[in-house]
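As provided, query-v8.cif (mmCIF, C-alpha atoms and all ligand atoms) reads as follows.
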```
data_data
#
loop_
_atom_site.label_atom_id
_atom_site.label_comp_id
_atom_site.auth_asym_id
_atom_site.auth_seq_id
_atom_site.Cartn_x
_atom_site.Cartn_y
_atom_site.Cartn_z
CA MET L 1021 -62.98 -29.25 -10.27
CA VAL L 1022 -63.35 -32.02 -12.77
CA VAL L 1023 -63.50 -30.30 -16.10
CA ALA L 1024 -66.90 -31.03 -17.63
CA ALA L 1025 -66.84 -33.60 -20.38
CA THR L 1026 -69.60 -33.53 -22.95
CA LEU L 1027 -70.12 -35.78 -25.91
CA THR L 1028 -71.62 -34.00 -28.83
CA GLY L 1029 -73.93 -35.43 -31.44
CA ILE L 1030 -75.07 -38.48 -29.52
CA GLY L 1031 -78.57 -38.72 -27.99
CA SER L 1032 -79.32 -39.28 -24.28
CA LYS L 1033 -76.84 -39.77 -21.42
CA ALA L 1034 -77.59 -43.48 -21.39
CA ASP L 1035 -76.91 -43.67 -25.14
CA LYS L 1036 -73.56 -41.97 -24.60
CA LYS L 1037 -72.54 -44.34 -21.84
CA LEU L 1038 -73.42 -47.33 -23.96
CA TYR L 1039 -71.64 -45.82 -26.93
CA LEU L 1040 -68.42 -45.20 -24.98
CA TYR L 1041 -68.56 -48.69 -23.51
CA PHE L 1042 -68.29 -50.25 -26.94
CA MET L 1043 -65.61 -47.92 -28.24
CA LYS L 1044 -62.29 -49.47 -29.04
CA LYS L 1045 -59.64 -47.29 -27.36
CA LYS L 1046 -59.58 -44.22 -25.18
CA ILE L 1047 -57.42 -41.62 -26.87
CA VAL L 1048 -56.33 -38.21 -25.61
CA ILE L 1049 -55.12 -35.66 -28.14
CA VAL L 1050 -53.12 -32.75 -26.80
CA GLY L 1051 -53.29 -29.62 -28.97
CA GLY L 1052 -56.21 -28.36 -31.03
CA GLY L 1053 -54.36 -27.06 -34.06
CA PHE L 1054 -55.19 -28.50 -37.46
CA PHE L 1055 -53.19 -31.65 -36.75
CA GLY L 1056 -54.82 -32.40 -33.41
CA MET L 1057 -58.31 -31.73 -34.79
CA TYR L 1058 -57.83 -33.82 -37.91
CA ILE L 1059 -56.34 -36.75 -36.02
CA ALA L 1060 -59.09 -36.55 -33.37
CA ASP L 1061 -61.74 -36.74 -36.07
CA PHE L 1062 -59.93 -39.62 -37.77
CA PHE L 1063 -59.86 -41.70 -34.58
CA ALA L 1064 -63.46 -40.92 -33.69
CA ARG L 1065 -64.58 -42.08 -37.12
CA ASN L 1066 -62.74 -45.32 -36.50
CA GLY L 1067 -64.74 -46.01 -33.37
CA HIS L 1068 -62.41 -44.73 -30.67
CA ALA L 1069 -63.33 -42.52 -27.71
CA VAL L 1070 -61.42 -39.29 -28.24
CA GLN L 1071 -60.77 -36.43 -25.87
CA LEU L 1072 -59.15 -33.34 -27.39
CA PHE L 1073 -57.62 -30.62 -25.21
CA GLU L 1074 -56.60 -27.18 -26.46
CA LYS L 1075 -54.80 -24.64 -24.31
CA GLU L 1076 -55.99 -21.50 -26.07
CA SER L 1077 -59.56 -20.23 -25.92
CA SER L 1078 -60.20 -21.21 -29.54
CA PHE L 1079 -59.07 -23.96 -31.85
CA MET L 1080 -56.50 -23.41 -34.59
CA SER L 1081 -55.37 -20.07 -33.25
CA ARG L 1082 -51.63 -20.80 -33.17
CA ALA L 1083 -49.41 -21.99 -36.05
CA SER L 1084 -52.44 -23.31 -37.92
CA TYR L 1085 -53.60 -19.71 -38.25
CA ASN L 1086 -50.35 -17.72 -38.10
CA ASN L 1087 -48.81 -19.03 -41.30
CA GLN L 1088 -48.61 -18.19 -44.97
CA ALA L 1089 -51.69 -20.26 -45.89
CA ARG L 1090 -50.05 -21.79 -48.94
CA VAL L 1091 -51.27 -25.17 -50.09
CA HIS L 1092 -47.93 -26.43 -51.31
CA ASN L 1093 -47.78 -28.09 -54.70
CA GLY L 1094 -44.06 -28.86 -54.76
CA TYR L 1095 -42.57 -25.77 -56.45
CA HIS L 1096 -41.24 -24.38 -53.19
CA TYR L 1097 -38.83 -27.25 -52.54
CA PRO L 1098 -36.21 -27.49 -55.30
CA ARG L 1099 -33.67 -28.42 -52.63
CA SER L 1100 -35.71 -31.32 -51.25
CA ILE L 1101 -37.11 -33.56 -53.94
CA LEU L 1102 -38.82 -35.77 -51.35
CA THR L 1103 -40.77 -32.89 -49.81
CA ALA L 1104 -41.64 -31.68 -53.32
CA LEU L 1105 -42.94 -35.10 -54.35
CA ARG L 1106 -44.92 -35.57 -51.12
CA SER L 1107 -46.49 -32.15 -51.71
CA ARG L 1108 -47.49 -33.23 -55.22
CA ILE L 1109 -49.32 -36.21 -53.73
CA SER L 1110 -51.01 -34.33 -50.88
CA PHE L 1111 -52.03 -31.26 -52.88
CA PRO L 1112 -54.94 -32.76 -54.88
CA ARG L 1113 -56.13 -34.71 -51.85
CA PHE L 1114 -56.15 -31.68 -49.57
CA VAL L 1115 -57.78 -29.45 -52.19
CA ASP L 1116 -60.46 -32.07 -52.78
CA GLU L 1117 -61.16 -32.75 -49.12
CA PHE L 1118 -61.32 -29.07 -48.14
CA GLN L 1119 -62.75 -27.55 -51.32
CA ASP L 1120 -64.76 -24.92 -49.46
CA CYS L 1121 -61.69 -23.71 -47.58
CA ILE L 1122 -59.46 -23.25 -50.62
CA ASP L 1123 -58.85 -20.09 -52.62
CA SER L 1124 -58.05 -21.52 -56.04
CA ASP L 1125 -58.96 -18.35 -57.88
CA LEU L 1126 -55.50 -16.87 -57.64
CA GLU L 1127 -52.67 -16.34 -60.09
CA LYS L 1128 -49.54 -17.84 -58.61
CA TYR L 1129 -46.10 -16.94 -59.91
CA TYR L 1130 -42.66 -18.28 -59.06
CA LEU L 1131 -39.81 -15.99 -60.07
CA ILE L 1132 -36.12 -16.68 -60.37
CA SER L 1133 -33.46 -14.17 -59.43
CA SER L 1134 -29.88 -14.58 -60.50
CA LYS L 1135 -28.78 -12.24 -57.73
CA LEU L 1136 -28.06 -14.34 -54.65
CA GLY L 1137 -30.40 -17.12 -55.82
CA LYS L 1138 -29.68 -20.77 -55.10
CA VAL L 1139 -31.40 -22.05 -58.26
CA THR L 1140 -31.00 -20.97 -61.85
CA VAL L 1141 -33.85 -20.80 -64.37
CA ASN L 1142 -32.59 -23.99 -65.95
CA GLN L 1143 -32.42 -25.82 -62.61
CA PHE L 1144 -35.90 -24.69 -61.63
CA THR L 1145 -37.54 -25.78 -64.89
CA LYS L 1146 -35.73 -29.13 -64.80
CA PHE L 1147 -36.85 -29.61 -61.22
CA CYS L 1148 -40.50 -28.85 -62.10
CA GLU L 1149 -40.33 -31.36 -64.95
CA ARG L 1150 -38.85 -33.95 -62.62
CA ILE L 1151 -41.66 -33.64 -60.09
CA GLY L 1152 -44.31 -33.37 -62.83
CA ALA L 1153 -45.39 -29.84 -61.86
CA SER L 1154 -46.62 -27.76 -64.77
CA PHE L 1155 -45.48 -24.21 -65.41
CA LYS L 1156 -45.69 -21.66 -68.20
CA PRO L 1157 -44.28 -18.19 -68.82
CA ALA L 1158 -46.02 -15.49 -66.79
CA PRO L 1159 -48.18 -13.02 -68.72
CA ASP L 1160 -46.65 -9.79 -70.00
CA TYR L 1161 -48.45 -7.60 -67.48
CA LEU L 1162 -46.78 -9.46 -64.61
CA ARG L 1163 -43.32 -9.40 -66.17
CA LYS L 1164 -43.65 -5.65 -66.71
CA LEU L 1165 -44.15 -5.22 -62.96
CA THR L 1166 -40.75 -6.77 -62.22
CA ASN L 1167 -37.33 -5.16 -62.23
CA PRO L 1168 -35.60 -7.05 -65.10
CA VAL L 1169 -32.19 -6.42 -63.60
CA MET L 1170 -33.18 -8.51 -60.57
CA ILE L 1171 -35.56 -11.07 -62.06
CA ASP L 1172 -34.45 -13.58 -64.69
CA ALA L 1173 -37.69 -15.42 -65.31
CA CYS L 1174 -41.32 -15.55 -64.16
CA PHE L 1175 -43.45 -18.69 -64.26
CA SER L 1176 -47.15 -19.10 -63.88
CA VAL L 1177 -47.91 -22.19 -61.74
CA THR L 1178 -50.80 -23.89 -59.93
CA GLU L 1179 -50.75 -23.30 -56.21
CA TYR L 1180 -53.53 -22.24 -53.84
CA ALA L 1181 -54.16 -20.61 -50.48
CA PHE L 1182 -56.29 -21.99 -47.65
CA ASP L 1183 -58.65 -20.11 -45.40
CA SER L 1184 -57.68 -21.14 -41.91
CA ARG L 1185 -60.92 -19.90 -40.29
CA LYS L 1186 -62.96 -22.00 -42.70
CA LEU L 1187 -60.71 -24.99 -42.07
CA ARG L 1188 -61.32 -24.67 -38.34
CA ASP L 1189 -65.07 -24.36 -38.83
CA ASP L 1190 -65.05 -27.36 -41.13
CA MET L 1191 -63.30 -29.43 -38.47
CA LEU L 1192 -65.73 -28.24 -35.76
CA ASP L 1193 -68.65 -29.22 -38.04
CA ARG L 1194 -67.15 -32.69 -38.36
CA PHE L 1195 -67.02 -32.98 -34.59
CA GLN L 1196 -70.76 -32.32 -34.36
CA GLY L 1197 -71.60 -35.70 -35.73
CA SER L 1198 -68.80 -37.56 -33.99
CA SER L 1199 -67.86 -38.73 -30.53
CA VAL L 1200 -64.94 -36.30 -30.13
CA ASN L 1201 -65.11 -34.72 -26.72
CA TYR L 1202 -63.34 -31.38 -27.15
CA GLN L 1203 -62.41 -28.59 -24.80
CA THR L 1204 -60.53 -25.32 -25.03
CA GLY L 1205 -58.76 -23.46 -22.24
CA ILE L 1206 -57.19 -26.68 -20.96
CA SER L 1207 -53.44 -27.19 -20.71
CA VAL L 1208 -52.14 -30.75 -20.56
CA ASP L 1209 -49.18 -30.62 -18.22
CA ASN L 1210 -48.05 -34.14 -17.50
CA VAL L 1211 -48.37 -37.70 -18.70
CA ARG L 1212 -47.33 -40.85 -16.87
CA GLN L 1213 -47.67 -44.62 -17.25
CA TYR L 1214 -50.49 -46.29 -15.36
CA LYS L 1215 -51.01 -50.05 -15.69
CA ASP L 1216 -51.50 -50.71 -19.43
CA GLY L 1217 -52.27 -47.11 -20.23
CA LEU L 1218 -51.48 -43.52 -19.30
CA ILE L 1219 -52.70 -40.89 -16.91
CA VAL L 1220 -52.89 -37.37 -18.27
CA THR L 1221 -52.89 -34.43 -15.88
CA TYR L 1222 -54.43 -31.22 -17.14
CA SER L 1223 -55.32 -27.83 -15.77
CA ASN L 1224 -57.94 -25.25 -16.49
CA CYS L 1225 -56.03 -22.21 -17.83
CA LYS L 1226 -58.37 -19.73 -16.10
CA SER L 1227 -59.10 -21.33 -12.74
CA ALA L 1228 -55.86 -23.38 -12.51
CA GLU L 1229 -57.92 -26.31 -11.28
CA ILE L 1230 -56.36 -29.66 -12.01
CA ALA L 1231 -57.90 -32.93 -13.19
CA GLU L 1232 -56.75 -36.30 -14.51
CA SER L 1233 -57.87 -38.57 -17.26
CA TYR L 1234 -57.00 -42.13 -18.25
CA ALA L 1235 -56.07 -42.98 -21.85
CA ASP L 1236 -54.85 -46.00 -23.77
CA HIS L 1237 -52.96 -43.64 -26.09
CA VAL L 1238 -51.93 -39.98 -25.91
CA PHE L 1239 -50.95 -37.98 -28.98
CA ASN L 1240 -48.87 -34.88 -28.34
CA CYS L 1241 -49.77 -32.55 -31.25
CA THR L 1242 -48.57 -29.28 -29.74
CA TYR L 1243 -46.13 -28.23 -32.51
CA SER L 1244 -43.79 -25.61 -30.99
CA HIS L 1245 -44.76 -26.78 -27.49
CA ILE L 1246 -43.99 -30.49 -27.90
CA ASN L 1247 -41.12 -30.43 -25.46
CA TYR L 1248 -43.16 -28.64 -22.79
CA LEU L 1249 -45.06 -31.83 -22.10
CA LEU L 1250 -41.91 -33.94 -22.34
CA LYS L 1251 -40.04 -31.71 -19.95
CA ASN L 1252 -42.90 -31.74 -17.41
CA SER L 1253 -43.15 -35.51 -17.67
CA SER L 1254 -39.38 -36.01 -17.21
CA LEU L 1255 -39.07 -37.50 -20.69
CA GLU L 1256 -36.21 -37.05 -23.13
CA LEU L 1257 -36.60 -33.86 -25.17
CA ILE L 1258 -36.78 -33.99 -28.96
CA SER L 1259 -34.18 -31.87 -30.77
CA LEU L 1260 -36.06 -29.03 -32.40
CA LYS L 1261 -35.22 -25.65 -33.83
CA HIS L 1262 -37.54 -22.73 -33.13
CA GLU L 1263 -37.75 -19.38 -34.87
CA MET L 1264 -39.63 -16.33 -33.67
CA THR L 1265 -41.39 -15.38 -36.89
CA GLU L 1266 -43.22 -12.36 -38.19
CA MET L 1267 -45.64 -12.65 -41.06
CA CYS L 1268 -46.89 -9.22 -42.16
CA LEU L 1269 -50.47 -8.76 -43.35
CA VAL L 1270 -50.74 -6.10 -46.03
CA ASP L 1271 -53.20 -4.61 -48.46
CA VAL L 1272 -51.63 -4.93 -51.91
CA PRO L 1273 -52.14 -2.58 -54.87
CA ASP L 1274 -55.04 -3.51 -57.19
CA GLU L 1275 -52.72 -5.03 -59.81
CA LEU L 1276 -51.72 -7.72 -57.29
CA ARG L 1277 -55.12 -8.31 -55.67
CA ARG L 1278 -55.47 -11.86 -57.08
CA VAL L 1279 -51.74 -12.57 -57.28
CA GLY L 1280 -49.33 -14.65 -55.21
CA LEU L 1281 -45.58 -14.17 -55.74
CA THR L 1282 -42.62 -16.21 -54.59
CA ILE L 1283 -39.02 -15.47 -55.54
CA MET L 1284 -36.84 -18.55 -55.51
CA CYS L 1285 -34.64 -19.64 -53.85
CA GLY L 1286 -32.53 -17.66 -51.40
CA PRO L 1287 -32.87 -14.55 -49.24
CA PHE L 1288 -36.08 -13.48 -50.97
CA PHE L 1289 -39.75 -13.09 -50.18
CA SER L 1290 -43.29 -14.37 -50.75
CA VAL L 1291 -46.54 -12.46 -51.00
CA MET L 1292 -49.63 -14.65 -50.85
CA PRO L 1293 -53.36 -14.02 -50.53
CA PHE L 1294 -54.41 -14.61 -46.91
CA PRO L 1295 -58.05 -15.60 -47.36
CA SER L 1296 -59.07 -15.51 -43.68
CA GLU L 1297 -58.58 -11.74 -43.58
CA ARG L 1298 -58.86 -10.80 -47.26
CA LEU L 1299 -55.35 -9.40 -47.10
CA HIS L 1300 -51.97 -10.66 -48.33
CA SER L 1301 -49.34 -12.23 -46.13
CA PHE L 1302 -45.80 -11.02 -46.66
CA SER L 1303 -42.83 -13.09 -45.55
CA HIS L 1304 -39.13 -12.63 -46.13
CA VAL L 1305 -36.47 -15.30 -45.72
CA ARG L 1306 -34.14 -12.79 -44.11
CA TYR L 1307 -36.58 -10.81 -41.94
CA THR L 1308 -39.45 -13.14 -41.05
CA PRO L 1309 -37.34 -15.13 -38.56
CA HIS L 1310 -36.31 -12.62 -35.88
CA TYR L 1311 -34.22 -15.01 -33.82
CA GLU L 1312 -33.90 -18.71 -33.13
CA TRP L 1313 -33.23 -21.19 -30.34
CA PHE L 1314 -32.98 -24.93 -29.94
CA ASP L 1315 -34.55 -27.49 -27.65
CA LYS L 1316 -31.85 -29.89 -26.53
CA ASN L 1317 -31.38 -32.24 -23.63
CA ASN L 1318 -29.02 -30.94 -20.95
CA THR L 1319 -29.73 -27.30 -21.73
CA PRO L 1320 -32.38 -25.23 -19.93
CA TYR L 1321 -35.77 -25.59 -21.61
CA ILE L 1322 -37.22 -22.40 -23.06
CA ASP L 1323 -41.01 -22.28 -23.24
CA GLY L 1324 -41.61 -20.84 -26.71
CA LEU L 1325 -45.18 -19.78 -26.02
CA ASN L 1326 -44.09 -17.77 -22.96
CA ARG L 1327 -41.35 -16.25 -25.04
CA LEU L 1328 -43.87 -15.31 -27.71
CA ASP L 1329 -46.07 -13.60 -25.12
CA GLU L 1330 -43.14 -11.66 -23.72
CA ASP L 1331 -41.45 -10.74 -27.01
CA ARG L 1332 -41.43 -7.02 -27.77
CA LYS L 1333 -42.43 -7.65 -31.38
CA TYR L 1334 -40.67 -4.89 -33.26
CA SER L 1335 -41.86 -5.24 -36.81
CA ALA L 1336 -39.36 -5.73 -39.63
CA TRP L 1337 -41.95 -4.65 -42.21
CA ASN L 1338 -39.93 -1.68 -43.45
CA TYR L 1339 -36.93 -3.89 -44.15
CA MET L 1340 -39.08 -6.46 -45.92
CA LYS L 1341 -40.72 -3.85 -48.10
CA LYS L 1342 -37.49 -2.05 -48.92
CA ASP L 1343 -35.87 -5.24 -50.12
CA ALA L 1344 -38.92 -6.52 -52.01
CA MET L 1345 -39.28 -3.23 -53.92
CA ARG L 1346 -35.95 -3.92 -55.59
CA TYR L 1347 -37.56 -6.85 -57.38
CA PHE L 1348 -41.12 -5.53 -57.67
CA PRO L 1349 -41.19 -1.72 -57.48
CA ILE L 1350 -45.00 -1.75 -57.18
CA LEU L 1351 -44.72 -3.38 -53.75
CA GLU L 1352 -43.86 0.05 -52.37
CA GLU L 1353 -47.60 0.73 -52.50
CA CYS L 1354 -48.46 -2.07 -50.06
CA GLN L 1355 -50.32 -0.85 -46.98
CA TYR L 1356 -49.12 -2.56 -43.82
CA LYS L 1357 -51.98 -3.67 -41.55
CA ARG L 1358 -50.56 -5.85 -38.80
CA SER L 1359 -48.26 -8.81 -38.17
CA LEU L 1360 -48.88 -12.40 -37.23
CA TRP L 1361 -46.24 -13.54 -34.75
CA GLU L 1362 -45.62 -17.22 -34.20
CA VAL L 1363 -42.99 -19.70 -33.09
CA LYS L 1364 -42.07 -21.72 -36.16
CA THR L 1365 -40.65 -25.13 -35.35
CA LEU L 1366 -38.44 -27.18 -37.58
CA LEU L 1367 -36.49 -30.38 -37.39
CA PRO L 1368 -32.80 -29.47 -37.23
CA ARG L 1369 -32.16 -31.47 -40.39
CA SER L 1370 -34.51 -29.18 -42.36
CA GLU L 1371 -32.01 -26.38 -41.96
CA SER L 1372 -29.74 -27.60 -44.72
CA ASP L 1373 -32.21 -28.66 -47.42
CA ASP L 1374 -35.37 -26.73 -46.44
CA SER L 1375 -37.28 -30.03 -46.30
CA ARG L 1376 -40.54 -30.44 -44.33
CA PRO L 1377 -40.82 -34.06 -43.22
CA ILE L 1378 -43.15 -34.97 -40.38
CA LEU L 1379 -41.93 -35.86 -36.94
CA PHE L 1380 -43.52 -39.03 -35.61
CA ARG L 1381 -42.14 -40.46 -32.37
CA ALA L 1382 -44.21 -43.48 -31.41
CA ASN L 1383 -44.06 -44.58 -27.75
CA HIS L 1384 -41.78 -41.71 -26.82
CA GLY L 1385 -40.46 -42.72 -23.41
CA LEU L 1386 -43.85 -44.20 -22.39
CA ARG L 1387 -45.84 -46.97 -24.02
CA GLY L 1388 -48.79 -45.39 -25.86
CA PHE L 1389 -47.42 -41.83 -25.80
CA HIS L 1390 -46.78 -40.45 -29.30
CA CYS L 1391 -45.35 -37.12 -30.46
CA ILE L 1392 -46.31 -35.70 -33.83
CA MET L 1393 -45.36 -32.59 -35.74
CA GLY L 1394 -46.03 -31.61 -39.33
CA GLY L 1395 -43.96 -29.01 -41.14
CA LYS L 1396 -46.85 -28.21 -43.52
CA ILE L 1397 -50.59 -28.32 -43.16
CA ASP L 1398 -51.06 -31.08 -45.78
CA ASN L 1399 -48.47 -33.26 -44.00
CA VAL L 1400 -51.39 -34.49 -41.93
CA TYR L 1401 -51.93 -37.23 -44.54
CA ASP L 1402 -48.42 -38.55 -43.87
CA VAL L 1403 -49.32 -38.79 -40.18
CA ILE L 1404 -52.48 -40.77 -40.91
CA GLU L 1405 -50.48 -43.04 -43.18
CA ILE L 1406 -48.01 -43.84 -40.39
CA ILE L 1407 -50.77 -44.37 -37.82
CA THR L 1408 -52.46 -46.90 -40.09
CA SER L 1409 -49.47 -48.59 -41.72
CA GLN L 1410 -47.55 -48.99 -38.47
CA HIS L 1411 -50.66 -50.08 -36.51
CA ILE L 1412 -49.85 -47.53 -33.85
CA LEU L 1413 -52.91 -48.36 -31.73
CA ASP L 1414 -52.29 -52.12 -31.68
C1 LIG L 1501 -44.57 -18.54 -40.04
C2 LIG L 1501 -45.10 -19.84 -40.54
C3 LIG L 1501 -45.44 -20.00 -41.89
C4 LIG L 1501 -45.95 -21.22 -42.35
N1 LIG L 1501 -46.39 -21.31 -43.64
C5 LIG L 1501 -47.03 -22.44 -44.04
C6 LIG L 1501 -47.65 -22.52 -45.32
O1 LIG L 1501 -47.69 -21.54 -46.09
N2 LIG L 1501 -48.22 -23.70 -45.68
C7 LIG L 1501 -48.24 -24.79 -44.86
O2 LIG L 1501 -48.79 -25.84 -45.24
N3 LIG L 1501 -47.68 -24.73 -43.63
C8 LIG L 1501 -47.10 -23.58 -43.20
N4 LIG L 1501 -46.56 -23.52 -41.94
C9 LIG L 1501 -46.56 -24.72 -41.09
C10 LIG L 1501 -47.96 -24.98 -40.51
O3 LIG L 1501 -48.47 -23.80 -39.97
C11 LIG L 1501 -47.84 -26.05 -39.43
O4 LIG L 1501 -47.25 -27.20 -39.99
C12 LIG L 1501 -49.18 -26.46 -38.87
O5 LIG L 1501 -50.00 -25.37 -38.60
C13 LIG L 1501 -48.95 -27.25 -37.60
O6 LIG L 1501 -50.22 -27.57 -37.07
P1 LIG L 1501 -50.32 -28.08 -35.60
O7 LIG L 1501 -51.72 -28.42 -35.34
O8 LIG L 1501 -49.29 -29.11 -35.38
O9 LIG L 1501 -49.80 -26.81 -34.74
P2 LIG L 1501 -50.62 -25.64 -34.02
O10 LIG L 1501 -51.63 -25.06 -34.90
O11 LIG L 1501 -49.63 -24.71 -33.41
O12 LIG L 1501 -51.40 -26.42 -32.89
C14 LIG L 1501 -50.79 -26.84 -31.69
C15 LIG L 1501 -51.78 -26.50 -30.60
O13 LIG L 1501 -51.36 -27.06 -29.38
C16 LIG L 1501 -51.79 -26.19 -28.34
N5 LIG L 1501 -51.02 -26.52 -27.14
C17 LIG L 1501 -49.71 -26.28 -26.90
N6 LIG L 1501 -49.36 -26.78 -25.70
C18 LIG L 1501 -50.48 -27.34 -25.17
C19 LIG L 1501 -50.74 -28.02 -23.96
N7 LIG L 1501 -49.78 -28.24 -23.05
N8 LIG L 1501 -52.00 -28.46 -23.72
C20 LIG L 1501 -53.00 -28.27 -24.62
N9 LIG L 1501 -52.79 -27.63 -25.81
C21 LIG L 1501 -51.54 -27.17 -26.07
C22 LIG L 1501 -51.50 -24.82 -28.91
O14 LIG L 1501 -52.24 -23.82 -28.25
C23 LIG L 1501 -51.90 -25.00 -30.36
O15 LIG L 1501 -53.23 -24.60 -30.63
C24 LIG L 1501 -46.06 -22.31 -41.44
C25 LIG L 1501 -45.74 -22.15 -40.10
C26 LIG L 1501 -45.30 -20.93 -39.63
C27 LIG L 1501 -45.05 -20.75 -38.16
#
```
What is this file in structure tokens?
Ligand SMILES: Cc1cc2nc3c(=O)[nH]c(=O)nc-3n(C[C@H](O)[C@H](O)[C@H](O)COP(=O)(O)OP(=O)(O)OC[C@H]3O[C@@H](n4cnc5c(N)ncnc54)[C@H](O)[C@@H]3O)c2cc1C
Amino acid sequence: MVVAATLTGIGSKADKKLYLYFMKKKIVIVGGGFFGMYIADFFARNGHAVQLFEKESSFMSRASYNNQARVHNGYHYPRSILTALRSRISFPRFVDEFQDCIDSDLEKYYLISSKLGKVTVNQFTKFCERIGASFKPAPDYLRKLTNPVMIDACFSVTEYAFDSRKLRDDMLDRFQGSSVNYQTGISVDNVRQYKDGLIVTYSNCKSAEIAESYADHVFNCTYSHINYLLKNSSLELISLKHEMTEMCLVDVPDELRRVGLTIMCGPFFSVMPFPSERLHSFSHVRYTPHYEWFDKNNTPYIDGLNRLDEDRKYSAWNYMKKDAMRYFPILEECQYKRSLWEVKTLLPRSESDDSRPILFRANHGLRGFHCIMGGKIDNVYDVIEIITSQHILD
């Protein structure tokens, strides 16, 4: 079967043919997470013919949903000034572009613990001043909820949460008026050079039927699955670290309904509103990653998405709660609802400084084949900047 291709938002069949004829480049995007969708829309708006393939049955159902939903504003990265500064630049842009998807009506607090912490109060305030991020003392009611033996200082800051469902719907709305040809339930399994371009082989996840498509450029935006396509195409793997992560979704006590908390910077935890489900996400540096593995050349490739399906998923919620209660006794009253499990993927160099740079490998092993990964949702602007400044399509 040739998987049906439909162009949305353009009139008759003849119109579509004519429209495609005059388009500049044929681009295939692999992966319909936020990155793949945003980049697809960007190219379509610039007059290219874009085909977007997503393996799951719906868009943005993997890491772009199963995350903490924090729109980073720099505070989280005292150990990586570059990531902090990039966040400061992206934050207003992201909040402005996706206004309807942002929960800005929350009180966000960063707290410093002298016990086991990697930053002191003095270091944190100096760091905030350095990156130009405002902060003020948290209100009394919040401080009274803390255990003063464990918490040295509480700061009120500006940081928001995004609603991933709304983000997805916003991107799908954008596609309506564009030439992006998008399909779910399609796995891209191989890419190879053909004349001046590339041939992409893909399969229907339900029927297993296979089809091929020609492209001038292919963008691999599959996050934790980047090396799957490289492995299948006999290309060099990219060194990546993967963590099997558990993000708990909880109902918080009324006092914390509008509150987000992050204790810096060590084996602590974060509790953030999770707007898509009107709950809070709960992550813990020690318990959210259950185990890790690495993609490396010359070692057997482990398919992270298969591993995620097969994992037994024993929740660490009780450990998270028990530890968090030592800092915020009221957290004992949280009602656990369920957990989001996801493979979190990091560049190995992020291990030491907790940075979140993007990965951008242009022409990775094949001319016109590009691999992209963003460590944060707002990193997408860094990707667009590279695509334009480095004239990737030229
Ligand atoms: C636990 C956790 C917490 C996080 N917290 C935050 C946070 O608070 N704030 C923040 O900004 N960022 C956070 N992040 C990072 C953020 O989620 C990612 O940077 C972002 O979602 C990556 O988007 P993506 O589109 O690249 O990946 P994804 O959303 O995973 O999209 C990749 C897509 O590719 C598809 N795919 C895979 N293989 C194939 C194939 N062969 N063919 C077709 N499709 C394929 C997948 O099904 C998937 O939909 C967190 C991540 C995790 C895991």
Would you compute the box with edges along x, y and z of the file around region 1259-1263 of chain L, including every atom the file lists for it and 3 Å extra on each side, and give its centre and edge lengths in Å to one decimal, as JSON?
```
{"center_x": -36.0, "center_y": -25.6, "center_z": -32.8, "size_x": 9.6, "size_y": 18.5, "size_z": 10.1}
```
Could you name the residues that touch region 1184-1199 of chain L at 7 Å or less, counting only C-alpha atoms, but leaving out those on the same chain fewer than 4 positions away, as a PDB file with C-alpha atoms, in the frame of the given file?
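Everything below was put into result-v4.pdb:
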```pdb
ATOM      1  CA  LEU L1027     -70.120 -35.780 -25.910  1.00  0.00           C
ATOM      2  CA  THR L1028     -71.620 -34.000 -28.830  1.00  0.00           C
ATOM      3  CA  GLY L1029     -73.930 -35.430 -31.440  1.00  0.00           C
ATOM      4  CA  MET L1057     -58.310 -31.730 -34.790  1.00  0.00           C
ATOM      5  CA  ASP L1061     -61.740 -36.740 -36.070  1.00  0.00           C
ATOM      6  CA  ALA L1064     -63.460 -40.920 -33.690  1.00  0.00           C
ATOM      7  CA  ARG L1065     -64.580 -42.080 -37.120  1.00  0.00           C
ATOM      8  CA  ALA L1069     -63.330 -42.520 -27.710  1.00  0.00           C
ATOM      9  CA  VAL L1070     -61.420 -39.290 -28.240  1.00  0.00           C
ATOM     10  CA  PHE L1079     -59.070 -23.960 -31.850  1.00  0.00           C
ATOM     11  CA  MET L1080     -56.500 -23.410 -34.590  1.00  0.00           C
ATOM     12  CA  SER L1084     -52.440 -23.310 -37.920  1.00  0.00           C
ATOM     13  CA  TYR L1085     -53.600 -19.710 -38.250  1.00  0.00           C
ATOM     14  CA  CYS L1121     -61.690 -23.710 -47.580  1.00  0.00           C
ATOM     15  CA  SER L1296     -59.070 -15.510 -43.680  1.00  0.00           C
TER      16      SER L1296
END
```
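Taking only C-alpha atoms into account, the polymer residues that have an atom no farther than 6 Å from (-42.5, -26.3, -24.7) are L:His1245, L:Ile1246, L:Asn1247, L:Tyr1248, L:Asp1323, L:Gly1324.
Residues with any atom within 12 Å of the point (-34.8, -3.1, -65.0), counting all atoms listed in the file, are Arg1163, Lys1164, Leu1165, Thr1166, Asn1167, Pro1168, Val1169, Met1170, Ile1171, Asp1172, Met1345, Arg1346, Tyr1347, Phe1348 and Pro1349 of chain L.
For the choices L:Lys1261, L:Arg1327, L:Lys1251, L:Lys1128, the atom-to-atom distance to Ala1181 (chain L) is smallest for L:Lys1128 when using only C-alpha atoms.
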Inset, instruction - Calculate how many Å separate CA of Val1291 (chain L) from CA of Val1279 (chain L), rounding to one decimal. - result: 8.2 Å
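Counting from CA of Ile1378 (chain L), the distance to CA of Ile1392 (chain L) is 7.3 Å.
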Inset, instruction - With a distance cut-off of 12 Å and only C-alpha atoms, select the neighbouring residues of His1068 (chain L), excluding the residue or stretch itself and same-chain residues fewer than 5 positions from it, and output the selection as a ChimeraX atom specification. - result: /L:1039-1049,1059-1063,1198-1201,1235-1237,1413
